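Step one of this worksheet: look at the structure below.
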Amino acid sequence: MAKGHRSQIKRERNANKDTRPSAKLSYARISVQKACFVLDAIRGKDVQTALGILAYNPRYASSVIEKILKSAIANAENNKGMNVDNLYIEECYANQGPIMKRIRPRAQGRAYRIEKRMSNITIVLNEK
């Protein structure tokens with residue numbers, strides 16, 4: 001149990017908040033494994049290079065991640081007042097979201113389960 005008044009506890013929690021610009025997409029209809037192929041390609045790169053990689057990557061996840069990256073850049077520019085030329089991708093990861101379970105009819109009255117996986121994709125930027 002935490003000590004102190006409720007407002008004091010909230011103040012302490014907000015003091016430890018991460019100030020780096022970021023963007024998150026929840027419930028993206030793509031599996032974590034497929035998203036991580038693209039995220040591994042852009043991790044640690046500067047923003048302009050990452051946008052170039054995503055523009056020419058043939059995977060479906062690259063178009064989704066490109067939108068998230070552009071959102072993170074806009075957050076850095078408008079909310080934090082950072083220079084776009086100095087930004088790089090410090091963290092990018094995909095966590096598993098909920099799974100939609102569907103039924104596929106099979107032979108002799110059986111039913112197989114199809115799992116349509118979702119992911120929560122996060123991109124965190126920082127200045128050089």
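Just so we're on the same page: first chain in the structure tokens is A, next is B, and so on; residues restart at 1 for each chain, and ligands are numbered from 1 in the order they show up.
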
### Task
Can you list, as number ranges by chain, all residues belonging to chain A that DSSP tags as helix (DSSP H, G or I)?
A: 6-15, 32-42, 47-55, 60-78, 84-86, 107-109

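Using only C-alpha atoms, the residues found no farther than 7 Å from A:Met118, other than those of its own chain fewer than 5 positions away, are Tyr27, Ala28, Arg29, Ile30, Ser31, Gln96, Gly97, Pro98 and Ile99 of chain A.
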
### Query
Which parts of stretch 7-119 of chain A does DSSP call strand (DSSP E) when run on the backbone here, written out as a PyMOL selection string?
chain A and resi 22-28+87-105+111-119

Residues from last step as file, N, CA and C atoms, as a tab-separated table (two decimals), in the first residue's frame:
chain	number	residue	atom	x	y	z
A	22	SER	N	6.22	9.61	-28.86
A	22	SER	CA	5.92	8.24	-29.27
A	22	SER	C	4.55	8.20	-29.94
A	23	ALA	N	4.27	7.06	-30.54
A	23	ALA	CA	2.96	6.79	-31.13
A	23	ALA	C	2.68	5.31	-30.96
A	24	LYS	N	1.42	4.98	-30.72
A	24	LYS	CA	1.04	3.60	-30.49
A	24	LYS	C	-0.23	3.27	-31.27
A	25	LEU	N	-0.24	2.09	-31.86
A	25	LEU	CA	-1.44	1.59	-32.53
A	25	LEU	C	-1.87	0.33	-31.82
A	26	SER	N	-3.06	0.37	-31.26
A	26	SER	CA	-3.61	-0.80	-30.59
A	26	SER	C	-4.51	-1.57	-31.53
A	27	TYR	N	-4.54	-2.86	-31.37
A	27	TYR	CA	-5.42	-3.76	-32.12
A	27	TYR	C	-5.15	-3.71	-33.63
A	28	ALA	N	-3.89	-3.68	-34.02
A	28	ALA	CA	-3.55	-3.76	-35.45
A	28	ALA	C	-3.79	-5.19	-35.90
A	87	LEU	N	15.86	13.51	-35.37
A	87	LEU	CA	15.13	12.39	-34.74
A	87	LEU	C	15.64	11.04	-35.23
A	88	TYR	N	15.62	10.07	-34.33
A	88	TYR	CA	15.90	8.69	-34.70
A	88	TYR	C	14.97	7.77	-33.89
A	89	ILE	N	14.85	6.54	-34.32
A	89	ILE	CA	13.95	5.58	-33.67
A	89	ILE	C	14.71	4.92	-32.54
A	90	GLU	N	14.35	5.27	-31.30
A	90	GLU	CA	15.04	4.71	-30.15
A	90	GLU	C	14.49	3.33	-29.78
A	91	GLU	N	13.17	3.21	-29.77
A	91	GLU	CA	12.52	1.93	-29.46
A	91	GLU	C	11.39	1.70	-30.45
A	92	CYS	N	11.21	0.46	-30.82
A	92	CYS	CA	10.03	0.07	-31.58
A	92	CYS	C	9.77	-1.41	-31.28
A	93	TYR	N	8.56	-1.68	-30.90
A	93	TYR	CA	8.24	-3.06	-30.53
A	93	TYR	C	6.76	-3.33	-30.78
A	94	ALA	N	6.43	-4.62	-30.86
A	94	ALA	CA	5.05	-5.07	-31.05
A	94	ALA	C	4.73	-6.07	-29.96
A	95	ASN	N	3.67	-5.81	-29.23
A	95	ASN	CA	3.18	-6.73	-28.21
A	95	ASN	C	1.91	-7.39	-28.70
A	96	GLN	N	1.65	-8.58	-28.17
A	96	GLN	CA	0.47	-9.31	-28.61
A	96	GLN	C	-0.80	-8.69	-28.08
A	97	GLY	N	-1.80	-8.57	-28.95
A	97	GLY	CA	-3.11	-8.07	-28.56
A	97	GLY	C	-4.07	-9.24	-28.45
A	98	PRO	N	-5.35	-8.94	-28.45
A	98	PRO	CA	-6.34	-10.02	-28.36
A	98	PRO	C	-6.36	-10.88	-29.63
A	99	ILE	N	-6.88	-12.08	-29.49
A	99	ILE	CA	-6.96	-13.01	-30.61
A	99	ILE	C	-8.43	-13.26	-30.92
A	100	MET	N	-8.81	-13.06	-32.20
A	100	MET	CA	-10.17	-13.41	-32.62
A	100	MET	C	-10.18	-14.89	-32.99
A	101	LYS	N	-11.08	-15.63	-32.37
A	101	LYS	CA	-11.14	-17.07	-32.62
A	101	LYS	C	-12.31	-17.36	-33.57
A	102	ARG	N	-12.01	-18.04	-34.66
A	102	ARG	CA	-13.01	-18.39	-35.66
A	102	ARG	C	-12.99	-19.90	-35.87
A	103	ILE	N	-14.07	-20.41	-36.45
A	103	ILE	CA	-14.21	-21.85	-36.66
A	103	ILE	C	-14.19	-22.15	-38.15
A	104	ARG	N	-13.42	-23.19	-38.52
A	104	ARG	CA	-13.33	-23.64	-39.91
A	104	ARG	C	-13.88	-25.06	-39.98
A	105	PRO	N	-14.92	-25.27	-40.75
A	105	PRO	CA	-15.45	-26.63	-40.87
A	105	PRO	C	-14.46	-27.56	-41.58
A	111	ALA	N	-14.41	-29.47	-36.50
A	111	ALA	CA	-14.22	-28.03	-36.65
A	111	ALA	C	-12.83	-27.67	-36.15
A	112	TYR	N	-12.07	-26.97	-36.98
A	112	TYR	CA	-10.74	-26.48	-36.58
A	112	TYR	C	-10.85	-25.01	-36.22
A	113	ARG	N	-10.00	-24.61	-35.31
A	113	ARG	CA	-10.01	-23.21	-34.88
A	113	ARG	C	-9.00	-22.41	-35.70
A	114	ILE	N	-9.45	-21.23	-36.15
A	114	ILE	CA	-8.56	-20.27	-36.80
A	114	ILE	C	-8.36	-19.12	-35.84
A	115	GLU	N	-7.10	-18.76	-35.59
A	115	GLU	CA	-6.80	-17.65	-34.69
A	115	GLU	C	-6.33	-16.46	-35.50
A	116	LYS	N	-7.11	-15.38	-35.47
A	116	LYS	CA	-6.74	-14.15	-36.16
A	116	LYS	C	-6.11	-13.24	-35.14
A	117	ARG	N	-4.80	-13.12	-35.23
A	117	ARG	CA	-4.05	-12.43	-34.18
A	117	ARG	C	-3.98	-10.93	-34.43
A	118	MET	N	-3.91	-10.18	-33.31
A	118	MET	CA	-3.74	-8.74	-33.36
A	118	MET	C	-2.49	-8.37	-32.57
A	119	SER	N	-2.02	-7.15	-32.79
A	119	SER	CA	-0.84	-6.69	-32.07
A	119	SER	C	-0.98	-5.22	-31.71

### Query
For A:Ser62, which of A:Ala107, A:Met82, A:Val124, A:Ile42 is the closest residue, counting only C-alpha atoms?
A:Ile42

Near stretch 125-128 of chain A, 12 Å: stretch 8-121 of chain A residue rows, closest pairs, only C-alpha atoms, as JSON lines:
{"residue": "A:Asp18", "atom": "CA", "partner": "A:Asn126", "partner_atom": "CA", "distance": 11.2}
{"residue": "A:Thr19", "atom": "CA", "partner": "A:Asn126", "partner_atom": "CA", "distance": 9.5}
{"residue": "A:Arg20", "atom": "CA", "partner": "A:Asn126", "partner_atom": "CA", "distance": 6.1}
{"residue": "A:Pro21", "atom": "CA", "partner": "A:Leu125", "partner_atom": "CA", "distance": 5.6}
{"residue": "A:Ser22", "atom": "CA", "partner": "A:Leu125", "partner_atom": "CA", "distance": 6.0}
{"residue": "A:Ala23", "atom": "CA", "partner": "A:Leu125", "partner_atom": "CA", "distance": 8.8}
{"residue": "A:Lys24", "atom": "CA", "partner": "A:Leu125", "partner_atom": "CA", "distance": 11.7}
{"residue": "A:Ile42", "atom": "CA", "partner": "A:Leu125", "partner_atom": "CA", "distance": 11.7}
{"residue": "A:Arg43", "atom": "CA", "partner": "A:Leu125", "partner_atom": "CA", "distance": 10.1}
{"residue": "A:Gly44", "atom": "CA", "partner": "A:Leu125", "partner_atom": "CA", "distance": 9.3}
{"residue": "A:Lys45", "atom": "CA", "partner": "A:Leu125", "partner_atom": "CA", "distance": 10.1}
{"residue": "A:Asp46", "atom": "CA", "partner": "A:Lys128", "partner_atom": "CA", "distance": 9.1}
{"residue": "A:Val47", "atom": "CA", "partner": "A:Leu125", "partner_atom": "CA", "distance": 8.6}
{"residue": "A:Ala50", "atom": "CA", "partner": "A:Leu125", "partner_atom": "CA", "distance": 11.7}
{"residue": "A:Ile68", "atom": "CA", "partner": "A:Leu125", "partner_atom": "CA", "distance": 11.4}
{"residue": "A:Leu69", "atom": "CA", "partner": "A:Leu125", "partner_atom": "CA", "distance": 8.9}
{"residue": "A:Lys70", "atom": "CA", "partner": "A:Leu125", "partner_atom": "CA", "distance": 11.0}
{"residue": "A:Ser71", "atom": "CA", "partner": "A:Leu125", "partner_atom": "CA", "distance": 10.9}
{"residue": "A:Ala72", "atom": "CA", "partner": "A:Leu125", "partner_atom": "CA", "distance": 7.1}
{"residue": "A:Ile73", "atom": "CA", "partner": "A:Leu125", "partner_atom": "CA", "distance": 7.8}
{"residue": "A:Ala74", "atom": "CA", "partner": "A:Leu125", "partner_atom": "CA", "distance": 10.9}
{"residue": "A:Asn75", "atom": "CA", "partner": "A:Leu125", "partner_atom": "CA", "distance": 9.7}
{"residue": "A:Ala76", "atom": "CA", "partner": "A:Leu125", "partner_atom": "CA", "distance": 7.8}
{"residue": "A:Glu77", "atom": "CA", "partner": "A:Leu125", "partner_atom": "CA", "distance": 11.0}
{"residue": "A:Lys80", "atom": "CA", "partner": "A:Asn126", "partner_atom": "CA", "distance": 10.6}
{"residue": "A:Gly81", "atom": "CA", "partner": "A:Glu127", "partner_atom": "CA", "distance": 11.0}
{"residue": "A:Met82", "atom": "CA", "partner": "A:Glu127", "partner_atom": "CA", "distance": 7.5}
{"residue": "A:Asn83", "atom": "CA", "partner": "A:Glu127", "partner_atom": "CA", "distance": 7.9}
{"residue": "A:Val84", "atom": "CA", "partner": "A:Glu127", "partner_atom": "CA", "distance": 8.6}
{"residue": "A:Asp85", "atom": "CA", "partner": "A:Glu127", "partner_atom": "CA", "distance": 8.8}
{"residue": "A:Asn86", "atom": "CA", "partner": "A:Glu127", "partner_atom": "CA", "distance": 5.3}
{"residue": "A:Leu87", "atom": "CA", "partner": "A:Glu127", "partner_atom": "CA", "distance": 4.6}
{"residue": "A:Tyr88", "atom": "CA", "partner": "A:Leu125", "partner_atom": "CA", "distance": 5.7}
{"residue": "A:Ile89", "atom": "CA", "partner": "A:Leu125", "partner_atom": "CA", "distance": 4.6}
{"residue": "A:Glu90", "atom": "CA", "partner": "A:Leu125", "partner_atom": "CA", "distance": 5.2}
{"residue": "A:Glu91", "atom": "CA", "partner": "A:Leu125", "partner_atom": "CA", "distance": 6.8}
{"residue": "A:Cys92", "atom": "CA", "partner": "A:Leu125", "partner_atom": "CA", "distance": 8.6}

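With distances taken over only C-alpha atoms, A:Ile65 is the one residue among A:Ile65, A:Ile123, A:Ala15, A:Ile53 lying closest to A:Lys34.
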
### Task
Find the distance between atom CA of A:Val64 and atom CA of A:Val38 and write it in Å to one decimal.
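Separation of atom CA of A:Val64 and atom CA of A:Val38: 10.2 Å.
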